[in-house]
>>> print(open('upload.cif').read())   # mmCIF, N, CA and C atoms
data_model
#
loop_
_atom_site.label_atom_id
_atom_site.label_comp_id
_atom_site.auth_asym_id
_atom_site.auth_seq_id
_atom_site.Cartn_x
_atom_site.Cartn_y
_atom_site.Cartn_z
N MET A 1 -28.52 3.79 -11.91
CA MET A 1 -27.08 3.79 -11.63
C MET A 1 -26.40 2.70 -12.46
N SER A 2 -25.32 3.06 -13.07
CA SER A 2 -24.59 2.15 -13.93
C SER A 2 -23.85 1.08 -13.11
N THR A 3 -23.78 -0.12 -13.67
CA THR A 3 -22.99 -1.17 -13.03
C THR A 3 -21.53 -1.06 -13.48
N LYS A 4 -21.27 -0.21 -14.44
CA LYS A 4 -19.90 0.04 -14.86
C LYS A 4 -19.27 1.04 -13.90
N ARG A 5 -18.01 0.82 -13.56
CA ARG A 5 -17.31 1.69 -12.62
C ARG A 5 -16.04 2.25 -13.25
N ALA A 6 -15.83 3.53 -13.01
CA ALA A 6 -14.59 4.18 -13.41
C ALA A 6 -13.98 4.82 -12.17
N VAL A 7 -12.73 4.53 -11.93
CA VAL A 7 -12.01 5.15 -10.83
C VAL A 7 -10.98 6.10 -11.42
N VAL A 8 -11.03 7.35 -10.99
CA VAL A 8 -10.02 8.32 -11.38
C VAL A 8 -9.11 8.50 -10.17
N VAL A 9 -7.84 8.21 -10.35
CA VAL A 9 -6.85 8.36 -9.29
C VAL A 9 -6.32 9.78 -9.35
N LEU A 10 -6.55 10.52 -8.28
CA LEU A 10 -6.12 11.92 -8.21
C LEU A 10 -4.92 12.05 -7.28
N GLY A 11 -3.92 12.75 -7.72
CA GLY A 11 -2.74 12.99 -6.92
C GLY A 11 -1.62 13.49 -7.81
N VAL A 12 -0.58 13.94 -7.20
CA VAL A 12 0.56 14.45 -7.96
C VAL A 12 1.65 13.39 -8.00
N GLY A 13 2.67 13.62 -8.82
CA GLY A 13 3.75 12.67 -8.97
C GLY A 13 4.43 12.34 -7.65
N SER A 14 4.82 11.10 -7.50
CA SER A 14 5.54 10.58 -6.33
C SER A 14 4.67 10.53 -5.08
N ASP A 15 3.35 10.59 -5.25
CA ASP A 15 2.44 10.45 -4.10
C ASP A 15 1.94 9.02 -3.93
N GLY A 16 2.22 8.14 -4.88
CA GLY A 16 1.74 6.77 -4.80
C GLY A 16 0.58 6.48 -5.72
N THR A 17 0.31 7.38 -6.68
CA THR A 17 -0.81 7.15 -7.59
C THR A 17 -0.60 5.91 -8.45
N SER A 18 0.64 5.66 -8.87
CA SER A 18 0.92 4.47 -9.68
C SER A 18 0.69 3.21 -8.87
N LEU A 19 1.04 3.23 -7.60
CA LEU A 19 0.81 2.08 -6.73
C LEU A 19 -0.67 1.73 -6.69
N PHE A 20 -1.52 2.72 -6.47
CA PHE A 20 -2.95 2.46 -6.36
C PHE A 20 -3.56 2.08 -7.71
N ALA A 21 -3.13 2.73 -8.79
CA ALA A 21 -3.62 2.35 -10.11
C ALA A 21 -3.21 0.92 -10.43
N GLY A 22 -1.98 0.56 -10.06
CA GLY A 22 -1.50 -0.81 -10.28
C GLY A 22 -2.28 -1.83 -9.47
N LEU A 23 -2.60 -1.50 -8.23
CA LEU A 23 -3.42 -2.40 -7.40
C LEU A 23 -4.80 -2.61 -8.02
N LEU A 24 -5.41 -1.53 -8.47
CA LEU A 24 -6.72 -1.65 -9.11
C LEU A 24 -6.62 -2.48 -10.39
N HIS A 25 -5.55 -2.29 -11.14
CA HIS A 25 -5.34 -3.09 -12.35
C HIS A 25 -5.25 -4.57 -12.00
N ARG A 26 -4.52 -4.89 -10.95
CA ARG A 26 -4.39 -6.29 -10.52
C ARG A 26 -5.73 -6.86 -10.03
N LEU A 27 -6.62 -5.98 -9.61
CA LEU A 27 -7.96 -6.41 -9.18
C LEU A 27 -8.94 -6.49 -10.35
N GLY A 28 -8.44 -6.27 -11.55
CA GLY A 28 -9.27 -6.45 -12.74
C GLY A 28 -9.75 -5.18 -13.41
N PHE A 29 -9.28 -4.03 -12.96
CA PHE A 29 -9.65 -2.78 -13.60
C PHE A 29 -8.79 -2.57 -14.85
N TYR A 30 -9.42 -2.11 -15.90
CA TYR A 30 -8.74 -1.91 -17.19
C TYR A 30 -8.07 -0.53 -17.21
N VAL A 31 -6.78 -0.49 -17.57
CA VAL A 31 -6.05 0.77 -17.69
C VAL A 31 -5.68 1.06 -19.14
N GLY A 32 -5.87 0.10 -19.99
CA GLY A 32 -5.50 0.22 -21.39
C GLY A 32 -4.68 -0.99 -21.80
N GLU A 33 -4.45 -1.10 -23.08
CA GLU A 33 -3.60 -2.18 -23.59
C GLU A 33 -2.16 -1.89 -23.21
N ASP A 34 -1.37 -2.92 -22.99
CA ASP A 34 0.03 -2.75 -22.59
C ASP A 34 0.77 -1.79 -23.52
N LYS A 35 0.53 -1.91 -24.82
CA LYS A 35 1.23 -1.06 -25.80
C LYS A 35 0.87 0.41 -25.67
N ASP A 36 -0.26 0.71 -25.02
CA ASP A 36 -0.73 2.08 -24.90
C ASP A 36 -0.37 2.73 -23.57
N LEU A 37 0.30 2.00 -22.69
CA LEU A 37 0.63 2.53 -21.37
C LEU A 37 1.97 3.26 -21.40
N ILE A 38 2.10 4.26 -20.53
CA ILE A 38 3.38 4.94 -20.38
C ILE A 38 4.40 3.91 -19.90
N PRO A 39 5.54 3.81 -20.56
CA PRO A 39 6.51 2.77 -20.19
C PRO A 39 7.18 3.04 -18.85
N THR A 40 7.70 1.98 -18.27
CA THR A 40 8.44 2.11 -17.02
C THR A 40 9.71 2.91 -17.26
N ASN A 41 10.29 3.41 -16.18
CA ASN A 41 11.59 4.08 -16.26
C ASN A 41 12.32 3.87 -14.94
N LYS A 42 13.49 4.49 -14.79
CA LYS A 42 14.28 4.30 -13.57
C LYS A 42 13.55 4.77 -12.32
N GLN A 43 12.78 5.87 -12.45
CA GLN A 43 12.06 6.40 -11.30
C GLN A 43 10.84 5.54 -10.94
N ASN A 44 10.31 4.82 -11.91
CA ASN A 44 9.12 4.01 -11.67
C ASN A 44 9.24 2.68 -12.42
N PRO A 45 10.13 1.78 -11.94
CA PRO A 45 10.40 0.54 -12.67
C PRO A 45 9.24 -0.45 -12.65
N LYS A 46 8.27 -0.27 -11.75
CA LYS A 46 7.14 -1.20 -11.68
C LYS A 46 5.97 -0.77 -12.55
N GLY A 47 6.03 0.44 -13.08
CA GLY A 47 5.00 0.88 -14.01
C GLY A 47 4.16 2.03 -13.48
N PHE A 48 3.65 2.80 -14.41
CA PHE A 48 2.81 3.95 -14.08
C PHE A 48 1.32 3.60 -14.09
N TYR A 49 0.95 2.56 -14.86
CA TYR A 49 -0.45 2.16 -15.01
C TYR A 49 -1.28 3.34 -15.48
N GLU A 50 -0.76 4.01 -16.50
CA GLU A 50 -1.38 5.23 -17.02
C GLU A 50 -1.38 5.17 -18.54
N HIS A 51 -2.55 5.31 -19.12
CA HIS A 51 -2.68 5.31 -20.57
C HIS A 51 -2.00 6.56 -21.12
N ARG A 52 -1.15 6.41 -22.11
CA ARG A 52 -0.38 7.55 -22.64
C ARG A 52 -1.27 8.60 -23.30
N GLY A 53 -2.49 8.27 -23.66
CA GLY A 53 -3.39 9.25 -24.27
C GLY A 53 -3.95 10.25 -23.28
N LEU A 54 -4.03 9.88 -22.01
CA LEU A 54 -4.61 10.77 -21.00
C LEU A 54 -3.81 12.07 -20.83
N PRO A 55 -2.49 12.01 -20.61
CA PRO A 55 -1.74 13.25 -20.49
C PRO A 55 -1.78 14.09 -21.76
N ASP A 56 -1.81 13.41 -22.92
CA ASP A 56 -1.86 14.15 -24.19
C ASP A 56 -3.12 15.01 -24.25
N ILE A 57 -4.26 14.42 -23.95
CA ILE A 57 -5.52 15.18 -24.00
C ILE A 57 -5.55 16.23 -22.90
N ASN A 58 -5.09 15.88 -21.70
CA ASN A 58 -5.11 16.85 -20.61
C ASN A 58 -4.21 18.05 -20.89
N ARG A 59 -3.10 17.82 -21.57
CA ARG A 59 -2.23 18.95 -21.95
C ARG A 59 -2.95 19.90 -22.91
N VAL A 60 -3.75 19.34 -23.82
CA VAL A 60 -4.54 20.18 -24.74
C VAL A 60 -5.53 21.02 -23.95
N LEU A 61 -6.19 20.41 -22.96
CA LEU A 61 -7.15 21.15 -22.14
C LEU A 61 -6.46 22.28 -21.37
N LEU A 62 -5.29 21.99 -20.82
CA LEU A 62 -4.55 23.02 -20.10
C LEU A 62 -4.13 24.15 -21.04
N LYS A 63 -3.63 23.78 -22.20
CA LYS A 63 -3.20 24.79 -23.17
C LYS A 63 -4.37 25.67 -23.61
N GLU A 64 -5.52 25.05 -23.82
CA GLU A 64 -6.71 25.80 -24.23
C GLU A 64 -7.04 26.89 -23.21
N HIS A 65 -6.84 26.61 -21.95
CA HIS A 65 -7.16 27.56 -20.88
C HIS A 65 -5.93 28.35 -20.42
N ARG A 66 -4.85 28.22 -21.18
CA ARG A 66 -3.59 28.94 -20.90
C ARG A 66 -3.08 28.67 -19.49
N ILE A 67 -3.10 27.41 -19.13
CA ILE A 67 -2.62 26.98 -17.82
C ILE A 67 -1.33 26.20 -18.02
N GLY A 68 -0.28 26.58 -17.31
CA GLY A 68 0.98 25.86 -17.40
C GLY A 68 0.87 24.47 -16.80
N GLU A 69 1.76 23.60 -17.24
CA GLU A 69 1.73 22.19 -16.82
C GLU A 69 1.75 22.03 -15.30
N TYR A 70 2.53 22.83 -14.61
CA TYR A 70 2.66 22.68 -13.15
C TYR A 70 2.19 23.93 -12.42
N GLU A 71 1.32 24.67 -13.05
CA GLU A 71 0.82 25.92 -12.50
C GLU A 71 -0.45 25.66 -11.68
N PRO A 72 -0.50 26.15 -10.45
CA PRO A 72 -1.75 26.01 -9.68
C PRO A 72 -2.90 26.70 -10.43
N SER A 73 -4.06 26.09 -10.38
CA SER A 73 -5.16 26.62 -11.16
C SER A 73 -6.50 26.19 -10.57
N ASN A 74 -7.53 26.91 -10.94
CA ASN A 74 -8.89 26.46 -10.66
C ASN A 74 -9.21 25.29 -11.58
N LEU A 75 -10.28 24.59 -11.27
CA LEU A 75 -10.71 23.50 -12.12
C LEU A 75 -11.19 24.02 -13.47
N ILE A 76 -10.94 23.24 -14.51
CA ILE A 76 -11.45 23.55 -15.83
C ILE A 76 -12.86 22.96 -15.91
N GLU A 77 -13.85 23.80 -16.06
CA GLU A 77 -15.24 23.35 -16.04
C GLU A 77 -15.76 22.95 -17.42
N ASP A 78 -15.24 23.53 -18.48
CA ASP A 78 -15.71 23.21 -19.82
C ASP A 78 -14.56 23.33 -20.81
N SER A 79 -14.80 22.81 -22.00
CA SER A 79 -13.72 22.83 -22.99
C SER A 79 -14.31 22.71 -24.39
N ASN A 80 -13.64 23.37 -25.33
CA ASN A 80 -13.98 23.18 -26.73
C ASN A 80 -13.58 21.79 -27.22
N TYR A 81 -12.79 21.09 -26.43
CA TYR A 81 -12.30 19.76 -26.79
C TYR A 81 -13.07 18.64 -26.09
N ALA A 82 -14.22 18.95 -25.52
CA ALA A 82 -15.02 17.94 -24.82
C ALA A 82 -15.37 16.77 -25.74
N CYS A 83 -15.59 17.04 -27.01
CA CYS A 83 -15.90 15.98 -27.96
C CYS A 83 -14.70 15.04 -28.15
N ASP A 84 -13.50 15.61 -28.12
CA ASP A 84 -12.28 14.79 -28.22
C ASP A 84 -12.12 13.92 -26.98
N VAL A 85 -12.41 14.49 -25.82
CA VAL A 85 -12.36 13.72 -24.56
C VAL A 85 -13.35 12.56 -24.65
N ALA A 86 -14.57 12.86 -25.09
CA ALA A 86 -15.61 11.83 -25.21
C ALA A 86 -15.19 10.74 -26.20
N ALA A 87 -14.66 11.14 -27.34
CA ALA A 87 -14.25 10.16 -28.35
C ALA A 87 -13.15 9.25 -27.82
N PHE A 88 -12.17 9.84 -27.13
CA PHE A 88 -11.08 9.04 -26.57
C PHE A 88 -11.61 8.07 -25.53
N PHE A 89 -12.46 8.56 -24.61
CA PHE A 89 -12.99 7.69 -23.57
C PHE A 89 -13.82 6.55 -24.17
N GLU A 90 -14.67 6.88 -25.11
CA GLU A 90 -15.52 5.86 -25.73
C GLU A 90 -14.67 4.81 -26.44
N GLN A 91 -13.69 5.25 -27.19
CA GLN A 91 -12.85 4.32 -27.94
C GLN A 91 -12.00 3.45 -27.00
N THR A 92 -11.52 4.03 -25.91
CA THR A 92 -10.55 3.34 -25.07
C THR A 92 -11.18 2.59 -23.90
N PHE A 93 -12.19 3.17 -23.26
CA PHE A 93 -12.67 2.62 -21.99
C PHE A 93 -14.14 2.21 -21.95
N GLU A 94 -14.98 2.74 -22.82
CA GLU A 94 -16.42 2.56 -22.65
C GLU A 94 -16.86 1.09 -22.65
N ASN A 95 -16.20 0.23 -23.38
CA ASN A 95 -16.61 -1.16 -23.47
C ASN A 95 -16.09 -2.02 -22.32
N HIS A 96 -15.51 -1.40 -21.33
CA HIS A 96 -14.99 -2.13 -20.17
C HIS A 96 -15.81 -1.75 -18.94
N ASN A 97 -16.13 -2.75 -18.14
CA ASN A 97 -17.00 -2.53 -16.97
C ASN A 97 -16.29 -1.85 -15.81
N ARG A 98 -15.01 -2.09 -15.67
CA ARG A 98 -14.24 -1.49 -14.56
C ARG A 98 -12.96 -0.90 -15.13
N VAL A 99 -12.82 0.42 -15.01
CA VAL A 99 -11.67 1.09 -15.59
C VAL A 99 -11.02 2.01 -14.55
N VAL A 100 -9.74 2.25 -14.74
CA VAL A 100 -9.02 3.19 -13.88
C VAL A 100 -8.27 4.16 -14.79
N LEU A 101 -8.38 5.44 -14.47
CA LEU A 101 -7.71 6.50 -15.22
C LEU A 101 -6.83 7.27 -14.26
N LYS A 102 -5.60 7.56 -14.69
CA LYS A 102 -4.66 8.26 -13.83
C LYS A 102 -3.82 9.22 -14.65
N ASP A 103 -3.76 10.43 -14.18
CA ASP A 103 -2.88 11.46 -14.73
C ASP A 103 -2.91 12.62 -13.73
N PRO A 104 -1.78 13.14 -13.32
CA PRO A 104 -1.79 14.24 -12.33
C PRO A 104 -2.61 15.45 -12.77
N ARG A 105 -2.76 15.64 -14.06
CA ARG A 105 -3.50 16.80 -14.58
C ARG A 105 -5.00 16.71 -14.31
N PHE A 106 -5.48 15.52 -13.94
CA PHE A 106 -6.89 15.38 -13.57
C PHE A 106 -7.25 16.27 -12.39
N CYS A 107 -6.24 16.66 -11.60
CA CYS A 107 -6.51 17.57 -10.48
C CYS A 107 -7.10 18.89 -10.97
N VAL A 108 -6.92 19.21 -12.25
CA VAL A 108 -7.46 20.44 -12.84
C VAL A 108 -8.54 20.13 -13.88
N THR A 109 -8.39 19.05 -14.62
CA THR A 109 -9.28 18.77 -15.76
C THR A 109 -10.45 17.85 -15.43
N LEU A 110 -10.56 17.39 -14.20
CA LEU A 110 -11.56 16.39 -13.84
C LEU A 110 -12.99 16.74 -14.26
N PRO A 111 -13.48 17.97 -14.09
CA PRO A 111 -14.88 18.22 -14.46
C PRO A 111 -15.20 17.91 -15.92
N VAL A 112 -14.27 18.17 -16.82
CA VAL A 112 -14.50 17.87 -18.24
C VAL A 112 -14.62 16.36 -18.43
N TRP A 113 -13.74 15.62 -17.81
CA TRP A 113 -13.76 14.16 -17.90
C TRP A 113 -14.99 13.57 -17.21
N ALA A 114 -15.34 14.11 -16.05
CA ALA A 114 -16.47 13.58 -15.29
C ALA A 114 -17.75 13.65 -16.11
N ALA A 115 -17.95 14.74 -16.83
CA ALA A 115 -19.15 14.88 -17.66
C ALA A 115 -19.25 13.77 -18.71
N VAL A 116 -18.11 13.32 -19.20
CA VAL A 116 -18.06 12.25 -20.19
C VAL A 116 -18.22 10.89 -19.51
N ILE A 117 -17.43 10.65 -18.48
CA ILE A 117 -17.41 9.34 -17.82
C ILE A 117 -18.77 8.98 -17.25
N GLU A 118 -19.44 9.96 -16.63
CA GLU A 118 -20.69 9.67 -15.94
C GLU A 118 -21.85 9.33 -16.88
N LYS A 119 -21.65 9.46 -18.17
CA LYS A 119 -22.68 9.04 -19.12
C LYS A 119 -22.79 7.53 -19.20
N THR A 120 -21.68 6.82 -18.91
CA THR A 120 -21.69 5.36 -19.06
C THR A 120 -21.21 4.62 -17.81
N HIS A 121 -20.50 5.29 -16.92
CA HIS A 121 -19.89 4.64 -15.76
C HIS A 121 -20.21 5.41 -14.48
N SER A 122 -20.25 4.68 -13.40
CA SER A 122 -20.31 5.31 -12.09
C SER A 122 -18.91 5.82 -11.77
N LEU A 123 -18.80 7.10 -11.46
CA LEU A 123 -17.48 7.71 -11.24
C LEU A 123 -17.10 7.65 -9.77
N ASN A 124 -15.91 7.15 -9.51
CA ASN A 124 -15.36 7.08 -8.16
C ASN A 124 -14.00 7.77 -8.18
N LEU A 125 -13.72 8.54 -7.15
CA LEU A 125 -12.44 9.23 -7.05
C LEU A 125 -11.60 8.59 -5.95
N LEU A 126 -10.34 8.36 -6.24
CA LEU A 126 -9.38 7.88 -5.26
C LEU A 126 -8.32 8.96 -5.14
N VAL A 127 -8.33 9.67 -4.02
CA VAL A 127 -7.39 10.75 -3.80
C VAL A 127 -6.19 10.20 -3.03
N VAL A 128 -5.02 10.35 -3.62
CA VAL A 128 -3.78 9.86 -3.01
C VAL A 128 -2.94 11.07 -2.65
N GLN A 129 -2.59 11.15 -1.38
CA GLN A 129 -1.82 12.29 -0.91
C GLN A 129 -0.79 11.82 0.10
N ARG A 130 0.44 12.10 -0.19
CA ARG A 130 1.53 11.75 0.72
C ARG A 130 1.74 12.87 1.71
N SER A 131 2.04 12.53 2.92
CA SER A 131 2.29 13.52 3.96
C SER A 131 3.47 14.41 3.59
N LEU A 132 3.39 15.66 3.93
CA LEU A 132 4.49 16.59 3.67
C LEU A 132 5.66 16.37 4.61
N GLU A 133 5.47 15.63 5.65
CA GLU A 133 6.53 15.43 6.66
C GLU A 133 7.60 14.50 6.16
#
>>> encode(input="upload.cif", output="structure tokens")
Amino acid sequence: MSTKRAVVVLGVGSDGTSLFAGLLHRLGFYVGEDKDLIPTNKQNPKGFYEHRGLPDINRVLLKEHRIGEYEPSNLIEDSNYACDVAAFFEQTFENHNRVVLKDPRFCVTLPVWAAVIEKTHSLNLLVVQRSLE
């Protein structure tokens, strides 16, 4: 079992995923260099704590399987772009012992990422879900 840990924060927008990713970041988990993070905006002035490369790659995976950005779907189990996922993860996160990855699209693309992450890190999932009430 690897002593390296990767936490993937699963949830949709406005469920509190940024809050939990930010807390993990403050506890020493690596989310990426500041210049590589999605910038704050009016809806999320405290930050998303999300590497801008993650949504880019996940959009490619969705497009490959002809899945719309907000379309309910089964999990994507494999991809012709698995090598690109691996290259991005290795370049961005592999040399860090504790990392956190967040993107709402992980709710569909997680199996492709898990196959890559689990080669070097122990994978942990943090599911964030806000009550519908």
>>> resolve_selection(input="upload.cif", expression="the PyMOL selection byres ((chain A and resi 100) around 7)", output="PyMOL selection string")
chain A and resi 5-9+21+29-32+98-99+101-102
>>> closest_residue(input="upload.cif", among="A:Arg26, A:Ser131, A:Ile57, A:Trp113", to="A:Glu77", atoms="all atoms listed in the file")
A:Trp113
>>> resolve_selection(input="upload.cif", expression="the PyMOL selection byres (((chain A and resi 53-56 and name CA) around 8) and name CA)", output="PyMOL selection string")
chain A and resi 36+50-52+57-60+101-103+105
>>> residues_around(input="upload.cif", residues="stretch 73-75 of chain A", least_positions_apart="2", cutoff="6 Å", atoms="all atoms listed in the file", output="CSV table (one decimal) with N, CA and C atoms, in the frame of the given file")
chain,number,residue,atom,x,y,z
A,71,GLU,N,1.3,24.7,-13.0
A,71,GLU,CA,0.8,25.9,-12.5
A,71,GLU,C,-0.4,25.7,-11.7
A,77,GLU,N,-13.8,23.8,-16.1
A,77,GLU,CA,-15.2,23.4,-16.0
A,77,GLU,C,-15.8,23.0,-17.4
A,107,CYS,N,-6.2,16.7,-11.6
A,107,CYS,CA,-6.5,17.6,-10.5
A,107,CYS,C,-7.1,18.9,-11.0
A,108,VAL,N,-6.9,19.2,-12.2
A,108,VAL,CA,-7.5,20.4,-12.8
A,108,VAL,C,-8.5,20.1,-13.9
A,109,THR,N,-8.4,19.0,-14.6
A,109,THR,CA,-9.3,18.8,-15.8
A,109,THR,C,-10.4,17.8,-15.4
>>> atom_distance(input="upload.cif", atom1="atom N of A:Phe88", atom2="atom C of A:Val128")
26.2 Å
>>> closest_residue(input="upload.cif", among="A:Leu110, A:Thr92, A:Val116, A:Tyr49", to="A:Ile76", atoms="all atoms listed in the file")
A:Leu110
>>> atom_distance(input="upload.cif", atom1="atom C of A:Leu123", atom2="atom N of A:Pro111")
11.8 Å
>>> closest_residue(input="upload.cif", among="A:Gly11, A:Pro72, A:Pro39, A:Gly22", to="A:Val127", atoms="only N, CA and C atoms")
A:Gly11
>>> select_by_dssp(input="upload.cif", residues="stretch 14-120 of chain A", states="strand (DSSP E or B)", output="VMD selection string")
chain A and resid 30 37 51 98 to 102
>>> closest_residue(input="upload.cif", among="A:Pro104, A:Thr40, A:Gln91, A:Glu64", to="A:Ser79", atoms="all atoms listed in the file")
A:Glu64
>>> decode(input="upload.cif", residues="stretch 50-65 of chain A", atoms="N, CA, C and O atoms", output="short mmCIF file (atom, residue, chain, number, x, y, z; two decimals), in the first residue's frame")
data_model
loop_
_atom_site.label_atom_id
_atom_site.label_comp_id
_atom_site.auth_asym_id
_atom_site.auth_seq_id
_atom_site.Cartn_x
_atom_site.Cartn_y
_atom_site.Cartn_z
N GLU A 50 -9.19 23.96 -7.60
CA GLU A 50 -9.33 23.00 -8.69
C GLU A 50 -8.31 23.35 -9.78
O GLU A 50 -8.29 24.48 -10.26
N HIS A 51 -7.50 22.39 -10.13
CA HIS A 51 -6.51 22.59 -11.19
C HIS A 51 -7.24 22.75 -12.51
O HIS A 51 -8.10 21.94 -12.85
N ARG A 52 -6.91 23.77 -13.27
CA ARG A 52 -7.63 24.06 -14.52
C ARG A 52 -7.45 22.97 -15.57
O ARG A 52 -8.26 22.85 -16.48
N GLY A 53 -6.44 22.13 -15.44
CA GLY A 53 -6.25 21.04 -16.40
C GLY A 53 -7.24 19.90 -16.25
O GLY A 53 -7.52 19.18 -17.20
N LEU A 54 -7.78 19.73 -15.05
CA LEU A 54 -8.70 18.61 -14.81
C LEU A 54 -9.98 18.71 -15.65
O LEU A 54 -10.35 17.75 -16.32
N PRO A 55 -10.69 19.85 -15.64
CA PRO A 55 -11.89 19.93 -16.48
C PRO A 55 -11.57 19.81 -17.96
O PRO A 55 -12.35 19.23 -18.72
N ASP A 56 -10.40 20.33 -18.37
CA ASP A 56 -10.03 20.23 -19.79
C ASP A 56 -9.93 18.77 -20.22
O ASP A 56 -10.49 18.37 -21.25
N ILE A 57 -9.24 17.96 -19.44
CA ILE A 57 -9.09 16.54 -19.78
C ILE A 57 -10.43 15.82 -19.66
O ILE A 57 -10.79 15.00 -20.51
N ASN A 58 -11.18 16.12 -18.61
CA ASN A 58 -12.47 15.45 -18.44
C ASN A 58 -13.44 15.78 -19.57
O ASN A 58 -14.24 14.93 -19.97
N ARG A 59 -13.38 16.99 -20.08
CA ARG A 59 -14.24 17.34 -21.23
C ARG A 59 -13.88 16.50 -22.46
O ARG A 59 -14.74 16.09 -23.22
N VAL A 60 -12.59 16.24 -22.65
CA VAL A 60 -12.15 15.38 -23.76
C VAL A 60 -12.71 13.97 -23.59
O VAL A 60 -13.20 13.36 -24.54
N LEU A 61 -12.66 13.45 -22.36
CA LEU A 61 -13.20 12.12 -22.09
C LEU A 61 -14.70 12.07 -22.37
O LEU A 61 -15.20 11.11 -22.97
N LEU A 62 -15.42 13.10 -21.94
CA LEU A 62 -16.86 13.15 -22.19
C LEU A 62 -17.15 13.22 -23.69
O LEU A 62 -18.03 12.52 -24.19
N LYS A 63 -16.40 14.06 -24.38
CA LYS A 63 -16.62 14.21 -25.82
C LYS A 63 -16.33 12.90 -26.55
O LYS A 63 -17.07 12.52 -27.47
N GLU A 64 -15.28 12.21 -26.13
CA GLU A 64 -14.93 10.93 -26.75
C GLU A 64 -16.11 9.94 -26.67
O GLU A 64 -16.36 9.19 -27.61
N HIS A 65 -16.83 9.97 -25.58
CA HIS A 65 -17.95 9.05 -25.37
C HIS A 65 -19.30 9.68 -25.72
O HIS A 65 -20.34 9.14 -25.38
#
